[in-house]
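Participant: Okay, handing you the structure first.
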Amino acid sequence: MSDEDLLNPPRFEAQLLKKQVSSILTAWGMALKEADIASKVMIETDLRGVDSHGINMLRQYEETFKRGALNIKAQTKIIRDRATTALLDADRGLGHPVSVQAMEMAIKKAESHDVGIVCVRNSHHFGAAGYYAEIAARQDFIGIVTTSTRGISMVPTRGTQPVLGTNPFAFAAPAGKYDPLVLDFATTVAAVNKVKVRRLRELQLPDGWVNDGDGRTIFDPNEAIRIFENQSFGGLNPVGGIGETLGGHKGYGLAVFSHILSGAMPGASFSPTRVKNSNADTPDDLGHYFQAINPESFRTKEEYENDIEVVIETLRSVKPSDPDKPVLVPGEPEQISRKDRQKNGIPVNRNLRNLIKEIAQNAGVEYLLTNNTIP
């Protein structure tokens, strides 16, 4: 095979990929309902072009399952349930099903009390935060999501060693006649999984993503992964980059408050502490934060939507620096990707296909990506 497979990989229908993922999860022992939710979240993430948090995550989930840390038959428990807040225990399960449940609970509370906040503890990776924030926006609520992380990858401002993770935030808002505005970002310049995607595509890293602890940029994704695994020197830069000149301290500060909301508040683990005291089967014990806000608690729906539509139209009317690249609003790149991939399929390069094939074989299920299903 040529590099064309990496640069312009074959495409596969979303439903086929969803069937593949669901078959693997159910073979591991996950209940059909939960497997359907998890596979849907993963494929929807790929449809939106966020390839770092979709089917690419299967290897990490398999590894976590095999070492006994992931409870594939988890039973979520409600620990506290008040008028506007709740706390759920995910029972060491995969994060997608409990996260959908938590945001739906937050929305129900906001329907009655204008705001709802639901936290989760004892969970694992939940995919892309923006998916859950958009659940709220699609039901006319503003959604806010953040999560603690399993890895130690961010080097704090003025530091040389990684301490925090990529601790993402996501915001979503209903936008009247337009698609919801959705902002989903890591508090590092890039997520660890984006480094892994570039390794799968055999691409170098951009300048400024990863430093070696002495301030030098790492371009080789394999070397970057080794730095993440070593966890002693170097790592990802916070949003804003190294130092304070371009605001790196702001990305670092955002990550700290992400952990406060999603880790310290619900009682989830803090990665540097957990890693020091963990065994192979120690669960990640991640925490998640989900908030839904009713805009109608402040003004009428019509007034709110009119203002949002003006904001969107004003931003889109800004003269672009490149005529071929118009100004977009948050969430629009993902909407463009989704329309394209729904029609033309999700690209899966040979390295990712080989990974999925191996995981399917390990699970004892049929490998379905034998031929691309999109001409």
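Every chain in the structure tokens takes a letter, A first, then B, and so on in the order presented; its residues are numbered from 1, and the ligands are numbered from 1 following the presented order.
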Using only C-alpha atoms, which residues sit within 9 Å of Gly234 of chain A once same-chain residues fewer than 3 positions away are excluded, as a PyMOL selection string?
Facilitator: chain A and resi 153-155+159-162+210-215+224+227-228+231+237
Participant: Would you write out those residues with C-alpha atoms, as a PDB file, in the first residue's frame?
Facilitator:
```pdb
ATOM      1  CA  SER A 153       0.591  15.141  30.332  1.00  0.00           C
ATOM      2  CA  MET A 154       0.443  18.928  30.869  1.00  0.00           C
ATOM      3  CA  VAL A 155       3.578  20.714  32.023  1.00  0.00           C
ATOM      4  CA  GLY A 159       7.472  23.797  35.338  1.00  0.00           C
ATOM      5  CA  THR A 160       9.436  20.993  33.680  1.00  0.00           C
ATOM      6  CA  GLN A 161       7.389  17.968  34.776  1.00  0.00           C
ATOM      7  CA  PRO A 162       3.845  16.985  33.725  1.00  0.00           C
ATOM      8  CA  VAL A 210       5.011  19.046  23.088  1.00  0.00           C
ATOM      9  CA  ASN A 211       8.189  20.111  24.885  1.00  0.00           C
ATOM     10  CA  ASP A 212      11.008  17.978  26.261  1.00  0.00           C
ATOM     11  CA  GLY A 213      11.130  19.660  29.680  1.00  0.00           C
ATOM     12  CA  ASP A 214      13.931  22.020  28.638  1.00  0.00           C
ATOM     13  CA  GLY A 215      11.649  24.025  26.389  1.00  0.00           C
ATOM     14  CA  ALA A 224       6.122  12.418  22.415  1.00  0.00           C
ATOM     15  CA  ILE A 227       7.475  11.282  27.138  1.00  0.00           C
ATOM     16  CA  PHE A 228       3.808  10.851  28.109  1.00  0.00           C
ATOM     17  CA  GLN A 231       5.714  11.052  33.034  1.00  0.00           C
ATOM     18  CA  ASN A 237       2.046  22.678  26.628  1.00  0.00           C
TER      19      ASN A 237
END
```
Participant: Would you please give, as a PyMOL selection string, all residues of segment 124-187 of chain A that DSSP assigns to helix (DSSP H, G or I) based on the backbone?
Facilitator: chain A and resi 129-137
Participant: Can you spit out the residues from that selection as a CSV table (one decimal), in the first residue's frame, using all heavy atoms?
Facilitator:
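Listed below is the output, part_17.csv:
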```csv
chain,number,residue,atom,x,y,z
A,129,ALA,N,-16.2,15.8,25.0
A,129,ALA,CA,-17.0,16.5,26.0
A,129,ALA,C,-18.1,17.3,25.2
A,129,ALA,O,-19.3,17.4,25.7
A,129,ALA,CB,-16.2,17.5,26.8
A,130,GLY,N,-17.8,17.7,24.0
A,130,GLY,CA,-18.8,18.5,23.3
A,130,GLY,C,-20.1,17.8,22.9
A,130,GLY,O,-21.2,18.4,22.8
A,131,TYR,N,-20.0,16.4,22.8
A,131,TYR,CA,-21.2,15.6,22.5
A,131,TYR,C,-22.3,15.8,23.6
A,131,TYR,O,-23.4,16.0,23.3
A,131,TYR,CB,-20.8,14.2,22.4
A,131,TYR,CG,-22.0,13.3,22.1
A,131,TYR,CD1,-22.4,13.0,20.8
A,131,TYR,CD2,-22.8,12.7,23.1
A,131,TYR,CE1,-23.5,12.2,20.5
A,131,TYR,CE2,-23.9,11.9,22.9
A,131,TYR,CZ,-24.2,11.7,21.6
A,131,TYR,OH,-25.3,10.9,21.3
A,132,TYR,N,-21.8,15.8,24.8
A,132,TYR,CA,-22.8,15.9,25.9
A,132,TYR,C,-23.3,17.4,26.1
A,132,TYR,O,-24.5,17.6,26.4
A,132,TYR,CB,-22.1,15.4,27.2
A,132,TYR,CG,-21.5,14.1,27.0
A,132,TYR,CD1,-20.1,13.9,26.9
A,132,TYR,CD2,-22.3,12.9,26.9
A,132,TYR,CE1,-19.6,12.7,26.7
A,132,TYR,CE2,-21.7,11.7,26.6
A,132,TYR,CZ,-20.3,11.6,26.5
A,132,TYR,OH,-19.8,10.4,26.3
A,133,ALA,N,-22.5,18.3,25.9
A,133,ALA,CA,-22.9,19.7,26.0
A,133,ALA,C,-24.0,20.0,24.9
A,133,ALA,O,-25.0,20.7,25.1
A,133,ALA,CB,-21.7,20.7,25.8
A,134,GLU,N,-23.8,19.4,23.7
A,134,GLU,CA,-24.7,19.6,22.6
A,134,GLU,C,-26.1,18.9,22.9
A,134,GLU,O,-27.1,19.4,22.4
A,134,GLU,CB,-24.2,19.1,21.3
A,134,GLU,CG,-25.0,19.4,20.1
A,134,GLU,CD,-24.3,19.1,18.8
A,134,GLU,OE1,-23.1,18.8,18.7
A,134,GLU,OE2,-25.0,19.2,17.7
A,135,ILE,N,-26.1,17.9,23.7
A,135,ILE,CA,-27.4,17.3,24.1
A,135,ILE,C,-28.3,18.3,24.7
A,135,ILE,O,-29.5,18.4,24.4
A,135,ILE,CB,-27.2,16.1,25.1
A,135,ILE,CG1,-26.5,14.9,24.4
A,135,ILE,CG2,-28.5,15.7,25.7
A,135,ILE,CD1,-26.2,13.7,25.3
A,136,ALA,N,-27.7,19.1,25.6
A,136,ALA,CA,-28.4,20.2,26.2
A,136,ALA,C,-28.9,21.3,25.2
A,136,ALA,O,-30.1,21.7,25.2
A,136,ALA,CB,-27.6,20.9,27.3
A,137,ALA,N,-28.0,21.7,24.4
A,137,ALA,CA,-28.3,22.7,23.4
A,137,ALA,C,-29.4,22.3,22.4
A,137,ALA,O,-30.3,23.1,22.0
A,137,ALA,CB,-27.1,23.1,22.6
```
Participant: Could I get the residues of segment 284-358 of chain A with an atom no further than 7 Å from an atom of segment 261-268 of chain A, each paired with its nearest atom pair and that distance in Å to one decimal, using only C-alpha atoms, sorted by chain and residue number, as JSON lines?
Facilitator:
```
{"residue": "A:Asp285", "atom": "CA", "partner": "A:Ala268", "partner_atom": "CA", "distance": 5.7}
{"residue": "A:Leu286", "atom": "CA", "partner": "A:Ala268", "partner_atom": "CA", "distance": 5.6}
{"residue": "A:Gly287", "atom": "CA", "partner": "A:Ser262", "partner_atom": "CA", "distance": 4.9}
{"residue": "A:His288", "atom": "CA", "partner": "A:Ser262", "partner_atom": "CA", "distance": 4.7}
{"residue": "A:Tyr289", "atom": "CA", "partner": "A:Ser262", "partner_atom": "CA", "distance": 4.9}
```
Participant: Based on the selection just made, write C-alpha atoms of those residues as a compact mmCIF listing (two decimals), in the first residue's frame.
Facilitator:
```
# COMPACT_ATOMS: atom_id res chain seq x y z
CA ASP A 285 -11.81 6.90 38.80
CA LEU A 286 -12.49 9.88 36.56
CA GLY A 287 -14.96 12.58 37.47
CA HIS A 288 -17.27 14.46 35.07
CA TYR A 289 -19.27 17.68 35.43
```
Participant: Counting only C-alpha atoms, figure out which residue out of A:Val98, A:Ile24, A:Val329, A:Ala38 gets nearest to Ala172 of chain A.
Facilitator: A:Val329
Participant: Could you check the closest approach to His125 of chain A for each of A:Leu17, A:Leu94, A:Ile260, A:Met30 and tell me which residue wins, using only C-alpha atoms?
Facilitator: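 Closest candidate: A:Leu94.
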Participant: Can you tell me, as a ChimeraX atom specification, which residues in segment 128-330 of chain A count as strand (DSSP E) by DSSP?
Facilitator: /A:142-147,169-175,178-185,210-211,217-218,235-236,286-293
Participant: Those selected residues, please, written with C-alpha atoms and delivered as a short mmCIF file (atom, residue, chain, number, x, y, z; two decimals), in the first residue's frame.
Facilitator:
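Printed below is result_5.cif as written:
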```
data_model
loop_
_atom_site.label_atom_id
_atom_site.label_comp_id
_atom_site.auth_asym_id
_atom_site.auth_seq_id
_atom_site.Cartn_x
_atom_site.Cartn_y
_atom_site.Cartn_z
CA ILE A 142 -27.02 25.93 27.52
CA GLY A 143 -24.71 23.01 28.28
CA ILE A 144 -21.39 23.07 30.13
CA VAL A 145 -19.19 19.99 30.53
CA THR A 146 -15.74 19.27 31.89
CA THR A 147 -13.89 16.18 33.06
CA PHE A 169 -14.11 22.11 28.70
CA ALA A 170 -17.15 22.12 26.42
CA PHE A 171 -19.88 24.73 26.03
CA ALA A 172 -22.96 24.51 23.82
CA ALA A 173 -25.79 26.97 23.26
CA PRO A 174 -29.04 26.79 21.29
CA ALA A 175 -28.91 29.21 18.37
CA TYR A 178 -29.01 27.91 13.26
CA ASP A 179 -27.28 24.79 14.54
CA PRO A 180 -26.16 25.02 18.17
CA LEU A 181 -22.90 26.76 18.92
CA VAL A 182 -20.49 24.19 20.36
CA LEU A 183 -17.02 24.85 21.76
CA ASP A 184 -15.00 21.81 22.89
CA PHE A 185 -11.33 22.28 23.72
CA VAL A 210 5.01 19.05 23.09
CA ASN A 211 8.19 20.11 24.88
CA THR A 217 9.81 21.28 20.80
CA ILE A 218 9.25 17.58 20.09
CA GLY A 235 4.91 16.93 28.05
CA LEU A 236 2.10 18.90 26.44
CA LEU A 286 -12.49 9.88 36.56
CA GLY A 287 -14.96 12.58 37.47
CA HIS A 288 -17.27 14.46 35.07
CA TYR A 289 -19.27 17.68 35.43
CA PHE A 290 -22.52 18.38 33.52
CA GLN A 291 -24.53 21.59 33.75
CA ALA A 292 -27.70 22.69 31.97
CA ILE A 293 -28.98 26.28 32.11
#
```
Participant: Find the distance between atom CA of Ser23 of chain A and atom CA of Leu368 of chain A and write it in Å to one decimal.
Facilitator: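 Calculated distance between atom CA of Ser23 of chain A and atom CA of Leu368 of chain A is 10.0 Å.
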Participant: Hey, can you check how far atom CA of Ser321 of chain A sits from atom CA of Ile336 of chain A?
Facilitator: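 Computing it gives 20.0 Å between the two atoms.
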Participant: Enter the distance from atom CA of Thr370 of chain A to atom CA of Lys33 of chain A, in Å, rounded to one decimal.
Facilitator: 26.4 Å
Participant: Write out as JSON, numbers by chain which residues come within 12 Å of segment 43-45 of chain A when counting only C-alpha atoms, dropping same-chain ones fewer than 3 positions away.
Facilitator: {"A": [12, 13, 14, 15, 16, 17, 18, 19, 20, 21, 22, 36, 37, 38, 39, 40, 48, 49, 50, 51, 52, 53, 54, 55, 56, 57, 58, 96, 126, 127, 128, 129, 130, 131, 132, 134, 184, 334, 335, 337, 338, 339, 341, 342, 345, 346, 347, 348]}
Participant: Mind checking which residues fall within 8 Å of segment 69-73 of chain A, counting only C-alpha atoms, ignoring those fewer than 3 positions away in the same chain, and posting them as a JSON list (two decimals) with N, CA, C and O atoms, in the first residue's frame?
Facilitator:
```json
[["chain", "number", "residue", "atom", "x", "y", "z"],
["A", 28, "TRP", "N", -17.18, -8.02, 24.86],
["A", 28, "TRP", "CA", -16.49, -7.86, 26.15],
["A", 28, "TRP", "C", -17.44, -8.10, 27.32],
["A", 28, "TRP", "O", -16.98, -8.35, 28.43],
["A", 29, "GLY", "N", -18.75, -7.98, 27.06],
["A", 29, "GLY", "CA", -19.73, -8.21, 28.13],
["A", 29, "GLY", "C", -20.62, -7.03, 28.44],
["A", 29, "GLY", "O", -21.46, -7.10, 29.35],
["A", 30, "MET", "N", -20.49, -5.95, 27.70],
["A", 30, "MET", "CA", -21.34, -4.78, 27.95],
["A", 30, "MET", "C", -22.76, -5.06, 27.51],
["A", 30, "MET", "O", -22.99, -5.69, 26.47],
["A", 31, "ALA", "N", -23.74, -4.60, 28.28],
["A", 31, "ALA", "CA", -25.15, -4.76, 27.93],
["A", 31, "ALA", "C", -25.43, -4.03, 26.61],
["A", 31, "ALA", "O", -24.81, -3.01, 26.30],
["A", 61, "TYR", "N", -9.49, 1.59, 25.47],
["A", 61, "TYR", "CA", -10.56, 0.92, 26.21],
["A", 61, "TYR", "C", -10.25, -0.58, 26.36],
["A", 61, "TYR", "O", -10.50, -1.16, 27.42],
["A", 64, "THR", "N", -7.59, -0.98, 29.06],
["A", 64, "THR", "CA", -8.16, -0.76, 30.39],
["A", 64, "THR", "C", -9.02, -1.94, 30.82],
["A", 64, "THR", "O", -9.00, -2.36, 31.99],
["A", 65, "PHE", "N", -9.76, -2.50, 29.88],
["A", 65, "PHE", "CA", -10.61, -3.66, 30.16],
["A", 65, "PHE", "C", -9.76, -4.89, 30.49],
["A", 65, "PHE", "O", -10.03, -5.61, 31.47],
["A", 66, "LYS", "N", -8.72, -5.13, 29.70],
["A", 66, "LYS", "CA", -7.90, -6.33, 29.89],
["A", 66, "LYS", "C", -7.14, -6.34, 31.21],
["A", 66, "LYS", "O", -6.92, -7.40, 31.80],
["A", 91, "ASP", "N", -19.53, 3.20, 38.84],
["A", 91, "ASP", "CA", -19.21, 1.79, 39.10],
["A", 91, "ASP", "C", -18.06, 1.30, 38.23],
["A", 91, "ASP", "O", -18.06, 0.18, 37.76],
["A", 92, "ARG", "N", -17.09, 2.17, 37.98],
["A", 92, "ARG", "CA", -15.89, 1.84, 37.18],
["A", 92, "ARG", "C", -16.21, 1.53, 35.72],
["A", 92, "ARG", "O", -15.45, 0.88, 35.03],
["A", 93, "GLY", "N", -17.34, 2.03, 35.24],
["A", 93, "GLY", "CA", -17.74, 1.74, 33.87],
["A", 93, "GLY", "C", -17.17, 2.71, 32.86],
["A", 93, "GLY", "O", -16.58, 3.74, 33.20],
["A", 94, "LEU", "N", -17.36, 2.38, 31.59],
["A", 94, "LEU", "CA", -16.98, 3.27, 30.51],
["A", 94, "LEU", "C", -17.83, 4.54, 30.62],
["A", 94, "LEU", "O", -19.01, 4.49, 30.95],
["A", 124, "HIS", "N", -14.71, 6.22, 33.70],
["A", 124, "HIS", "CA", -13.57, 6.16, 32.79],
["A", 124, "HIS", "C", -13.80, 7.14, 31.65],
["A", 124, "HIS", "O", -14.78, 7.88, 31.65],
["A", 280, "ALA", "N", -2.14, -2.54, 38.46],
["A", 280, "ALA", "CA", -2.62, -2.74, 37.09],
["A", 280, "ALA", "C", -4.14, -2.64, 37.00],
["A", 280, "ALA", "O", -4.68, -2.12, 36.02],
["A", 281, "ASP", "N", -4.85, -3.14, 38.03],
["A", 281, "ASP", "CA", -6.32, -3.14, 37.96],
["A", 281, "ASP", "C", -6.96, -1.95, 38.67],
["A", 281, "ASP", "O", -8.17, -1.93, 38.89],
["A", 282, "THR", "N", -6.16, -0.94, 39.02],
["A", 282, "THR", "CA", -6.72, 0.26, 39.64],
["A", 282, "THR", "C", -7.54, 1.03, 38.62],
["A", 282, "THR", "O", -7.03, 1.38, 37.55],
["A", 283, "PRO", "N", -8.82, 1.31, 38.89],
["A", 283, "PRO", "CA", -9.64, 2.04, 37.93],
["A", 283, "PRO", "C", -9.17, 3.49, 37.80],
["A", 283, "PRO", "O", -8.51, 4.03, 38.69],
["A", 284, "ASP", "N", -9.53, 4.11, 36.68],
["A", 284, "ASP", "CA", -9.13, 5.50, 36.46],
["A", 284, "ASP", "C", -9.83, 6.44, 37.43],
["A", 284, "ASP", "O", -9.30, 7.50, 37.75]]
```
Participant: Between A:Glu34, A:Gln139, A:Lys343, A:Gly176, which residue has the minimum interatomic distance to Glu303 of chain A, considering only C-alpha atoms?
Facilitator: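 Closest to Glu303 of chain A, using only C-alpha atoms: A:Gly176.
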Participant: Counting only C-alpha atoms, which residue out of A:Gly247, A:Arg11, A:Leu200, A:Gln75 sits closest to Asn354 of chain A?
Facilitator: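 Looking only at the distances to Asn354 of chain A, the closest residue turns out to be A:Leu200.
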